[in-house]
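Novice: Contents are mmCIF, C-alpha atoms; file name structure-v5.cif:
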data_start
loop_
_atom_site.label_atom_id
_atom_site.label_comp_id
_atom_site.auth_asym_id
_atom_site.auth_seq_id
_atom_site.Cartn_x
_atom_site.Cartn_y
_atom_site.Cartn_z
CA MET Q 1 4.54 44.48 -21.85
CA THR Q 2 8.21 43.73 -22.40
CA SER Q 3 11.30 44.80 -20.48
CA LEU Q 4 14.94 45.21 -21.41
CA SER Q 5 17.67 42.87 -20.32
CA LYS Q 6 21.16 43.92 -19.35
CA GLU Q 7 22.32 43.17 -22.87
CA GLY Q 8 19.61 45.40 -24.26
CA GLY Q 9 17.46 42.56 -25.55
CA ALA Q 10 13.80 42.24 -24.98
CA ILE Q 11 12.54 39.79 -22.36
CA PRO Q 12 9.31 38.05 -23.35
CA PRO Q 13 6.41 38.63 -21.03
CA ASP Q 14 5.74 36.13 -18.24
CA THR Q 15 2.85 33.91 -19.30
CA GLY Q 16 2.87 31.78 -16.12
CA GLU Q 17 3.88 28.60 -18.04
CA PHE Q 18 7.17 26.82 -17.60
CA GLN Q 19 9.08 25.99 -20.78
CA ALA Q 20 11.84 23.45 -20.72
CA PRO Q 21 15.13 24.54 -22.27
CA GLY Q 22 15.19 23.87 -25.99
CA SER Q 23 11.43 23.33 -26.17
CA SER Q 24 8.85 25.31 -27.94
CA PRO Q 25 5.21 25.86 -26.99
CA ASP Q 26 4.26 24.84 -30.51
CA GLN Q 27 6.00 21.40 -30.22
CA PRO Q 28 4.66 18.64 -27.90
CA ASP Q 29 7.09 17.37 -25.27
CA SER Q 30 8.71 14.06 -26.34
CA SER Q 31 8.45 12.78 -22.77
CA LEU Q 32 4.67 12.80 -23.09
CA HIS Q 33 4.90 10.54 -26.13
CA ALA Q 34 7.24 8.20 -24.20
CA ALA Q 35 4.89 8.08 -21.23
CA ALA Q 36 1.92 7.34 -23.47
CA HIS Q 37 3.90 4.61 -25.21
CA HIS Q 38 4.77 3.00 -21.86
CA ARG Q 39 1.16 3.13 -20.75
CA VAL Q 40 0.07 1.31 -23.91
CA ALA Q 41 2.82 -1.29 -23.42
CA ASP Q 42 1.74 -1.81 -19.81
CA ARG Q 43 -1.87 -2.32 -20.84
CA VAL Q 44 -0.88 -4.82 -23.53
CA PHE Q 45 1.36 -6.74 -21.14
CA ARG Q 46 -1.30 -6.77 -18.43
CA THR Q 47 -3.90 -8.01 -20.90
CA LEU Q 48 -1.61 -10.81 -22.09
CA ALA Q 49 -0.70 -11.84 -18.53
CA VAL Q 50 -4.31 -11.90 -17.34
CA GLY Q 51 -5.38 -13.71 -20.50
CA SER Q 52 -2.71 -16.35 -20.03
CA GLY Q 53 -3.90 -16.94 -16.49
CA PHE Q 54 -7.47 -17.33 -17.68
CA VAL Q 55 -6.43 -19.73 -20.45
CA VAL Q 56 -4.55 -21.96 -18.00
CA SER Q 57 -7.47 -21.93 -15.58
CA ILE Q 58 -9.93 -22.79 -18.36
CA VAL Q 59 -7.75 -25.66 -19.60
CA ILE Q 60 -7.50 -27.12 -16.09
CA ALA Q 61 -11.27 -26.77 -15.63
CA LEU Q 62 -11.91 -28.51 -18.95
CA ILE Q 63 -9.60 -31.37 -17.98
CA ALA Q 64 -11.45 -31.75 -14.68
CA LEU Q 65 -14.82 -31.74 -16.46
CA PHE Q 66 -13.62 -34.36 -18.95
CA LEU Q 67 -12.38 -36.64 -16.16
CA LEU Q 68 -15.64 -36.24 -14.24
CA ALA Q 69 -17.80 -36.87 -17.32
CA GLN Q 70 -15.88 -40.06 -18.12
CA ALA Q 71 -15.61 -41.38 -14.57
CA ILE Q 72 -19.08 -40.73 -13.11
CA PRO Q 73 -20.97 -43.36 -15.20
CA SER Q 74 -18.51 -46.09 -14.22
CA LEU Q 75 -18.48 -44.99 -10.59
CA ALA Q 76 -22.27 -45.22 -10.57
CA LYS Q 77 -22.04 -48.87 -11.71
CA ASN Q 78 -19.32 -49.74 -9.22
CA GLU Q 79 -20.65 -52.34 -6.77
CA GLU Q 80 -17.74 -51.85 -4.36
CA ASN Q 81 -16.50 -48.91 -2.32
CA PHE Q 82 -14.13 -46.99 -4.55
CA PHE Q 83 -12.02 -45.86 -1.58
CA THR Q 84 -11.74 -49.17 0.30
CA TYR Q 85 -11.97 -52.02 -2.25
CA THR Q 86 -8.66 -53.88 -2.57
CA GLY Q 87 -9.72 -56.87 -4.67
CA GLN Q 88 -9.19 -57.57 -8.33
CA TRP Q 89 -10.61 -55.00 -10.70
CA ILE Q 90 -13.68 -56.08 -12.68
CA THR Q 91 -14.29 -53.59 -15.46
CA SER Q 92 -16.34 -55.63 -17.93
CA GLY Q 93 -20.05 -56.40 -17.93
CA ASP Q 94 -22.89 -54.69 -16.15
CA THR Q 95 -21.41 -55.13 -12.66
CA LEU Q 96 -18.15 -53.33 -11.99
CA ALA Q 97 -15.81 -53.61 -9.01
CA PHE Q 98 -12.75 -51.42 -8.62
CA GLY Q 99 -11.02 -49.33 -5.97
CA ILE Q 100 -7.90 -47.23 -5.39
CA PRO Q 101 -6.35 -48.05 -1.96
CA GLN Q 102 -3.51 -50.15 -3.39
CA LEU Q 103 -2.81 -47.61 -6.13
CA PHE Q 104 -2.79 -44.80 -3.60
CA TYR Q 105 -0.48 -46.74 -1.30
CA ALA Q 106 2.11 -47.54 -3.99
CA THR Q 107 2.02 -44.01 -5.41
CA VAL Q 108 2.56 -42.39 -2.03
CA VAL Q 109 5.25 -44.85 -0.91
CA VAL Q 110 7.51 -44.47 -3.96
CA SER Q 111 7.00 -40.68 -3.95
CA VAL Q 112 7.89 -40.38 -0.27
CA ILE Q 113 11.00 -42.52 -0.77
CA ALA Q 114 12.01 -40.27 -3.66
CA LEU Q 115 11.52 -37.11 -1.58
CA LEU Q 116 13.39 -38.51 1.42
CA ILE Q 117 16.39 -39.22 -0.80
CA ALA Q 118 16.26 -36.27 -3.21
CA MET Q 119 15.50 -33.40 -0.80
CA PRO Q 120 18.65 -33.69 1.38
CA VAL Q 121 20.86 -34.32 -1.65
CA ALA Q 122 19.40 -31.34 -3.52
CA LEU Q 123 19.82 -29.14 -0.46
CA GLY Q 124 23.45 -30.16 -0.08
CA ILE Q 125 24.22 -29.60 -3.76
CA SER Q 126 22.55 -26.17 -3.70
CA ILE Q 127 24.45 -25.03 -0.60
CA PHE Q 128 27.72 -26.31 -2.03
CA LEU Q 129 27.23 -24.55 -5.37
CA THR Q 130 26.16 -21.21 -3.86
CA GLU Q 131 28.43 -21.03 -0.82
CA TYR Q 132 31.44 -23.34 -1.01
CA ALA Q 133 32.26 -24.39 -4.57
CA PRO Q 134 35.03 -22.55 -6.45
CA LYS Q 135 33.60 -20.52 -9.30
CA ARG Q 136 35.34 -22.62 -11.95
CA PHE Q 137 33.48 -25.70 -10.72
CA VAL Q 138 30.01 -24.14 -10.35
CA GLY Q 139 29.21 -24.16 -14.08
CA PRO Q 140 30.21 -27.76 -14.88
CA ILE Q 141 28.50 -29.19 -11.79
CA THR Q 142 25.34 -27.18 -12.49
CA TYR Q 143 25.20 -28.36 -16.10
CA THR Q 144 25.77 -31.96 -15.05
CA VAL Q 145 22.91 -31.91 -12.55
CA ASP Q 146 20.59 -30.12 -14.97
CA LEU Q 147 21.31 -32.70 -17.67
CA LEU Q 148 19.59 -35.32 -15.52
CA ALA Q 149 16.28 -33.63 -16.36
CA ALA Q 150 16.91 -34.18 -20.08
CA VAL Q 151 17.15 -37.97 -19.80
CA PRO Q 152 13.93 -39.66 -21.05
CA SER Q 153 11.93 -41.47 -18.40
CA ILE Q 154 12.10 -44.75 -20.33
CA VAL Q 155 15.90 -44.61 -20.05
CA TYR Q 156 15.57 -44.24 -16.30
CA GLY Q 157 13.23 -47.22 -16.28
CA LEU Q 158 15.65 -49.38 -18.24
CA TRP Q 159 18.50 -48.30 -15.97
CA GLY Q 160 16.41 -49.11 -12.93
CA ILE Q 161 15.37 -52.62 -13.97
CA LEU Q 162 18.53 -53.68 -15.82
CA VAL Q 163 21.29 -52.02 -13.77
CA LEU Q 164 20.14 -50.64 -10.44
CA GLY Q 165 17.69 -53.43 -9.62
CA PRO Q 166 20.16 -56.34 -10.02
CA ALA Q 167 22.81 -54.31 -8.18
CA LEU Q 168 20.44 -53.88 -5.24
CA VAL Q 169 19.61 -57.60 -4.95
CA PRO Q 170 22.48 -58.30 -2.50
CA VAL Q 171 21.54 -55.16 -0.56
CA ASN Q 172 17.92 -56.27 -0.38
CA GLU Q 173 18.95 -59.72 0.83
CA TRP Q 174 21.12 -58.16 3.54
CA LEU Q 175 18.30 -55.88 4.64
CA VAL Q 176 15.87 -58.79 4.84
CA GLY Q 177 18.37 -60.95 6.70
CA ASN Q 178 19.49 -58.32 9.22
CA LEU Q 179 16.59 -55.88 9.47
CA GLY Q 180 13.74 -58.24 8.74
CA PHE Q 181 12.18 -57.47 12.12
CA LEU Q 182 11.20 -54.06 10.72
CA PRO Q 183 8.03 -53.87 8.61
CA PHE Q 184 9.96 -52.15 5.80
CA PHE Q 185 12.41 -54.99 5.09
CA GLN Q 186 10.48 -58.23 5.57
CA GLN Q 187 10.70 -61.26 3.32
CA PRO Q 188 8.27 -60.52 0.46
CA THR Q 189 5.50 -62.89 -0.50
CA GLN Q 190 6.38 -62.37 -4.19
CA VAL Q 191 9.95 -63.69 -4.31
CA ALA Q 192 10.32 -62.69 -7.98
CA ASN Q 193 10.63 -59.06 -6.93
CA MET Q 194 13.66 -59.82 -4.79
CA SER Q 195 15.39 -61.75 -7.57
CA THR Q 196 14.98 -58.96 -10.15
CA GLY Q 197 15.24 -55.94 -7.90
CA GLY Q 198 11.88 -54.63 -9.10
CA THR Q 199 10.82 -53.39 -5.68
CA LEU Q 200 9.26 -50.25 -4.27
CA LEU Q 201 12.68 -49.29 -2.92
CA THR Q 202 14.26 -49.46 -6.37
CA ALA Q 203 11.41 -47.43 -7.83
CA GLY Q 204 11.82 -44.79 -5.15
CA ILE Q 205 15.55 -44.48 -5.79
CA VAL Q 206 14.99 -44.07 -9.53
CA LEU Q 207 12.34 -41.42 -8.88
CA ALA Q 208 14.75 -39.61 -6.56
CA VAL Q 209 17.29 -39.31 -9.37
CA MET Q 210 14.58 -38.08 -11.74
CA ILE Q 211 13.30 -35.29 -9.46
CA LEU Q 212 16.73 -34.27 -8.17
CA PRO Q 213 17.48 -31.70 -10.93
CA ILE Q 214 14.11 -29.98 -10.45
CA ILE Q 215 14.55 -29.50 -6.72
CA THR Q 216 18.20 -28.54 -7.09
CA ALA Q 217 17.60 -25.94 -9.80
CA VAL Q 218 14.84 -24.12 -7.90
CA THR Q 219 16.67 -24.26 -4.56
CA ARG Q 220 19.94 -23.07 -6.04
CA GLU Q 221 18.34 -20.07 -7.73
CA VAL Q 222 16.55 -19.06 -4.53
CA PHE Q 223 19.71 -19.35 -2.43
CA MET Q 224 21.55 -17.16 -4.93
CA GLN Q 225 18.97 -14.42 -4.34
CA THR Q 226 19.85 -14.15 -0.65
CA PRO Q 227 20.61 -10.43 -0.04
CA LYS Q 228 24.31 -9.74 0.19
CA GLY Q 229 23.69 -7.60 3.22
CA HIS Q 230 22.36 -10.60 5.15
CA ARG Q 231 25.56 -12.54 4.55
CA GLU Q 232 27.78 -9.56 5.38
CA ALA Q 233 25.85 -8.80 8.56
CA ALA Q 234 26.28 -12.36 9.78
CA LEU Q 235 30.00 -12.31 8.95
CA ALA Q 236 30.40 -8.96 10.71
CA LEU Q 237 28.98 -10.53 13.87
CA GLY Q 238 31.65 -13.22 13.71
CA ALA Q 239 29.59 -16.02 12.17
CA THR Q 240 31.35 -18.88 10.47
CA LYS Q 241 30.48 -20.01 6.94
CA PHE Q 242 28.18 -22.70 8.30
CA GLU Q 243 26.48 -20.19 10.59
CA VAL Q 244 25.95 -17.80 7.66
CA VAL Q 245 24.18 -20.58 5.80
CA LYS Q 246 22.16 -21.44 8.90
CA VAL Q 247 21.01 -17.94 9.91
CA ALA Q 248 20.91 -16.13 6.55
CA VAL Q 249 20.69 -18.42 3.52
CA LEU Q 250 18.40 -21.20 4.76
CA PRO Q 251 15.72 -18.95 6.33
CA PHE Q 252 15.61 -16.79 3.20
CA GLY Q 253 15.40 -19.71 0.77
CA PHE Q 254 13.20 -22.11 2.75
CA SER Q 255 10.03 -21.27 0.84
CA GLY Q 256 11.78 -21.80 -2.49
CA TYR Q 257 13.20 -25.09 -1.25
CA ILE Q 258 9.71 -26.30 -0.33
CA SER Q 259 8.31 -25.09 -3.65
CA GLY Q 260 10.99 -26.94 -5.60
CA SER Q 261 10.35 -30.07 -3.56
CA MET Q 262 6.65 -29.90 -4.35
CA LEU Q 263 7.44 -29.57 -8.05
CA GLY Q 264 9.54 -32.69 -7.75
CA LEU Q 265 6.74 -34.43 -5.89
CA GLY Q 266 4.36 -33.59 -8.72
CA ARG Q 267 6.77 -35.23 -11.14
CA ALA Q 268 7.02 -38.30 -8.90
CA LEU Q 269 3.26 -38.68 -8.46
CA GLY Q 270 2.60 -38.69 -12.19
CA GLU Q 271 5.63 -40.65 -13.41
CA THR Q 272 4.58 -43.52 -15.65
CA MET Q 273 7.10 -45.07 -18.00
CA ALA Q 274 10.01 -45.55 -15.61
CA LEU Q 275 7.81 -47.11 -12.93
CA LEU Q 276 5.99 -49.25 -15.48
CA LEU Q 277 9.27 -51.02 -16.23
CA ILE Q 278 10.26 -51.45 -12.58
CA ILE Q 279 7.01 -52.14 -10.67
CA SER Q 280 3.88 -53.19 -12.53
CA THR Q 281 2.36 -55.97 -10.47
CA VAL Q 282 -0.13 -55.68 -7.63
CA GLY Q 283 1.43 -55.89 -4.19
CA PRO Q 284 0.14 -55.99 -0.61
CA MET Q 285 -0.34 -52.89 1.55
CA ASN Q 286 2.04 -53.75 4.37
CA PHE Q 287 4.72 -51.03 4.16
CA ASN Q 288 7.25 -53.60 2.95
CA LEU Q 289 9.66 -51.87 0.56
CA MET Q 290 10.75 -55.24 -0.80
CA GLU Q 291 7.35 -55.74 -2.45
CA SER Q 292 6.09 -54.47 -5.80
CA GLY Q 293 2.97 -52.48 -6.58
CA GLU Q 294 1.01 -50.42 -9.08
CA THR Q 295 0.69 -46.64 -9.01
CA PHE Q 296 -2.16 -44.65 -10.49
CA ALA Q 297 -0.15 -43.91 -13.62
CA THR Q 298 1.18 -47.44 -14.17
CA LYS Q 299 -2.29 -48.94 -13.65
CA ILE Q 300 -3.73 -46.78 -16.40
CA ALA Q 301 -0.79 -47.33 -18.75
CA ASN Q 302 -0.83 -51.07 -18.17
CA ASN Q 303 -4.45 -51.35 -19.26
CA ALA Q 304 -4.75 -48.54 -21.83
CA ALA Q 305 -4.76 -51.03 -24.72
CA GLU Q 306 -7.92 -52.63 -23.31
CA PHE Q 307 -10.10 -49.52 -23.25
CA ASP Q 308 -12.74 -51.11 -25.49
CA SER Q 309 -15.86 -49.86 -23.72
CA PRO Q 310 -16.98 -46.64 -21.98
CA ALA Q 311 -17.44 -48.47 -18.68
CA LYS Q 312 -13.92 -49.88 -18.67
CA THR Q 313 -12.43 -46.57 -19.82
CA GLY Q 314 -14.31 -44.69 -17.13
CA ALA Q 315 -13.10 -47.06 -14.42
CA TYR Q 316 -9.47 -46.32 -15.18
CA ILE Q 317 -10.12 -42.64 -15.77
CA SER Q 318 -11.54 -42.52 -12.26
CA ALA Q 319 -8.05 -43.44 -11.07
CA GLY Q 320 -6.71 -40.57 -13.14
CA LEU Q 321 -9.27 -38.26 -11.55
CA THR Q 322 -8.06 -39.30 -8.12
CA LEU Q 323 -4.47 -38.52 -9.12
CA PHE Q 324 -5.64 -35.16 -10.47
CA VAL Q 325 -7.24 -34.32 -7.11
CA LEU Q 326 -4.20 -35.59 -5.21
CA THR Q 327 -1.88 -33.21 -7.04
CA PHE Q 328 -4.19 -30.32 -6.19
CA ILE Q 329 -4.11 -31.25 -2.51
CA VAL Q 330 -0.31 -31.50 -2.53
CA ASN Q 331 0.06 -28.11 -4.22
CA ALA Q 332 -2.41 -26.51 -1.79
CA ALA Q 333 -0.49 -27.93 1.18
CA ALA Q 334 2.79 -26.64 -0.26
CA ARG Q 335 1.36 -23.15 -0.75
CA ALA Q 336 0.08 -23.19 2.83
CA VAL Q 337 3.55 -24.10 4.11
CA VAL Q 338 5.19 -21.36 2.02
CA ALA Q 339 2.62 -18.76 3.05
CA GLY Q 340 3.01 -19.67 6.71
CA LYS Q 341 6.79 -19.36 6.48
CA LYS Q 342 6.53 -15.93 4.89
#
Please render this file's structure as structure tokens.
Specialist:
Amino acid sequence: MTSLSKEGGAIPPDTGEFQAPGSSPDQPDSSLHAAAHHRVADRVFRTLAVGSGFVVSIVIALIALFLLAQAIPSLAKNEENFFTYTGQWITSGDTLAFGIPQLFYATVVVSVIALLIAMPVALGISIFLTEYAPKRFVGPITYTVDLLAAVPSIVYGLWGILVLGPALVPVNEWLVGNLGFLPFFQQPTQVANMSTGGTLLTAGIVLAVMILPIITAVTREVFMQTPKGHREAALALGATKFEVVKVAVLPFGFSGYISGSMLGLGRALGETMALLLIISTVGPMNFNLMESGETFATKIANNAAEFDSPAKTGAYISAGLTLFVLTFIVNAAARAVVAGKK
């Protein structure tokens, strides 16, 4: 039943359904098509994201299986304790003898030196760029620091052994002469390292320069995400610029700072070519930074040309397996620190 409007027109009967202006019951609403399109896009994106995660996990698992398959036969023939043997490696014949303590020591020492140098410098650069630097200087300084990541590792190695090492010889001699009572700066048993500058200290400094852009980039981006309200609230309470950084920026970006540092540590643990040119001889385990040493990566690279038998190959791959596990432990510890901070 219809009724008349004030203008005399007929008013269609009420069917109980709402019709949007300009729409017709015979035409589907375009918003439904848009919603359906978005749902399809979400499903596709979710499938790709989950698939990518599975692919990465499968690749890592395959790498672990390969390392285990190659290392286990040689480990079974090893007549010495893999975790305590510090003698010369014997990787030929039916009786094998090899161990990782010296490799572990050198790897950890140079990585810790690199972190101790790079972390404060990266933190200072990040705070300066996000809080203090004039805007016209932020771009050039950022690009300059980021360019350090583009330098090949062999160039860093050549710089370390040809430039930095000889330049540090007088410094090393002063440290030995004046701070020789400390275990870190004693007269080395291998004098050749002092004369060329190819020491653990030099290697750590080179590694610090190599991981600096990674830590700086991550830390800077996290500091830039500090909510503006946090800064304004601190300023409203009368905080100085330093206090704003202390109470607002640093607490917010601490987890990102730690994450960036762990990324840099991963780079330091696995660095090969630069360290191969600087330190590539076996050194004692006495915490003396004036000595040389071999890391996991340099040990494998130094002997890769001699992988002429499965037993010998497996012995050195076992060192790679240890490095693989070490990186997992470091990443797990970093995630624990970040999760605890959150």
Novice: Check what the PyMOL selection byres ((chain Q and resi 168) around 10) selects in the file above and give those residues as a list in words.
Specialist: Gly160, Val163, Leu164, Gly165, Pro166, Ala167, Val169, Pro170, Val171, Asn172, Glu173, Trp174, Met194, Ser195, Thr196, Gly197, Gly198, Thr199, Leu201 and Thr202 of chain Q
Novice: What separation in Å, quoted to one decimal, exists between atom CA of Q:Asn78 and atom CA of Q:Ala301?
Specialist: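 Separation of atom CA of Q:Asn78 and atom CA of Q:Ala301: 21.0 Å.
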Novice: Using the chain letters and residue numbers of this document, give as a ChimeraX atom specification the residues selected by the PyMOL selection byres ((chain Q and resi 282-285) around 12).
Specialist: /Q:86-89,100-109,183-184,188-193,198-200,276,279-281,286-296,298-299,302
Novice: Neighbours of Q:Gly157 within 8 Å (all atoms listed in the file; same-chain residues fewer than 6 positions away dropped), as an NGL selection string?
Specialist: :Q and (206 or 273-278)
Novice: So which residues touch Q:Thr226 within 8 Å, counting only C-alpha atoms, skipping near sequence neighbours fewer than 6 positions away, as a PyMOL selection string?
Specialist: chain Q and resi 248-249+252-253
Novice: Can you list, as a list in words, the residues that the PyMOL selection byres ((chain Q and resi 311) around 8) selects here?
Specialist: Pro73, Ser74, Thr91, Ser92, Ser309, Pro310, Lys312, Thr313, Gly314 and Ala315 of chain Q
Novice: Around (15.8, -22.6, -1.3), as given in the file, which residues come within 12 Å? Count only C-alpha atoms and list them as a count of residues only.
Specialist: 38
Novice: At what distance in Å, to one decimal, does atom CA of Q:Tyr85 lie from atom CA of Q:Gly99?
Specialist: 4.7 Å
Novice: Given the choices Q:Ala334, Q:Gly266, Q:Val56, Q:Ile141, which gets closest to Q:Phe128 if the distance is worked out from all atoms listed in the file?
Specialist: Q:Ile141
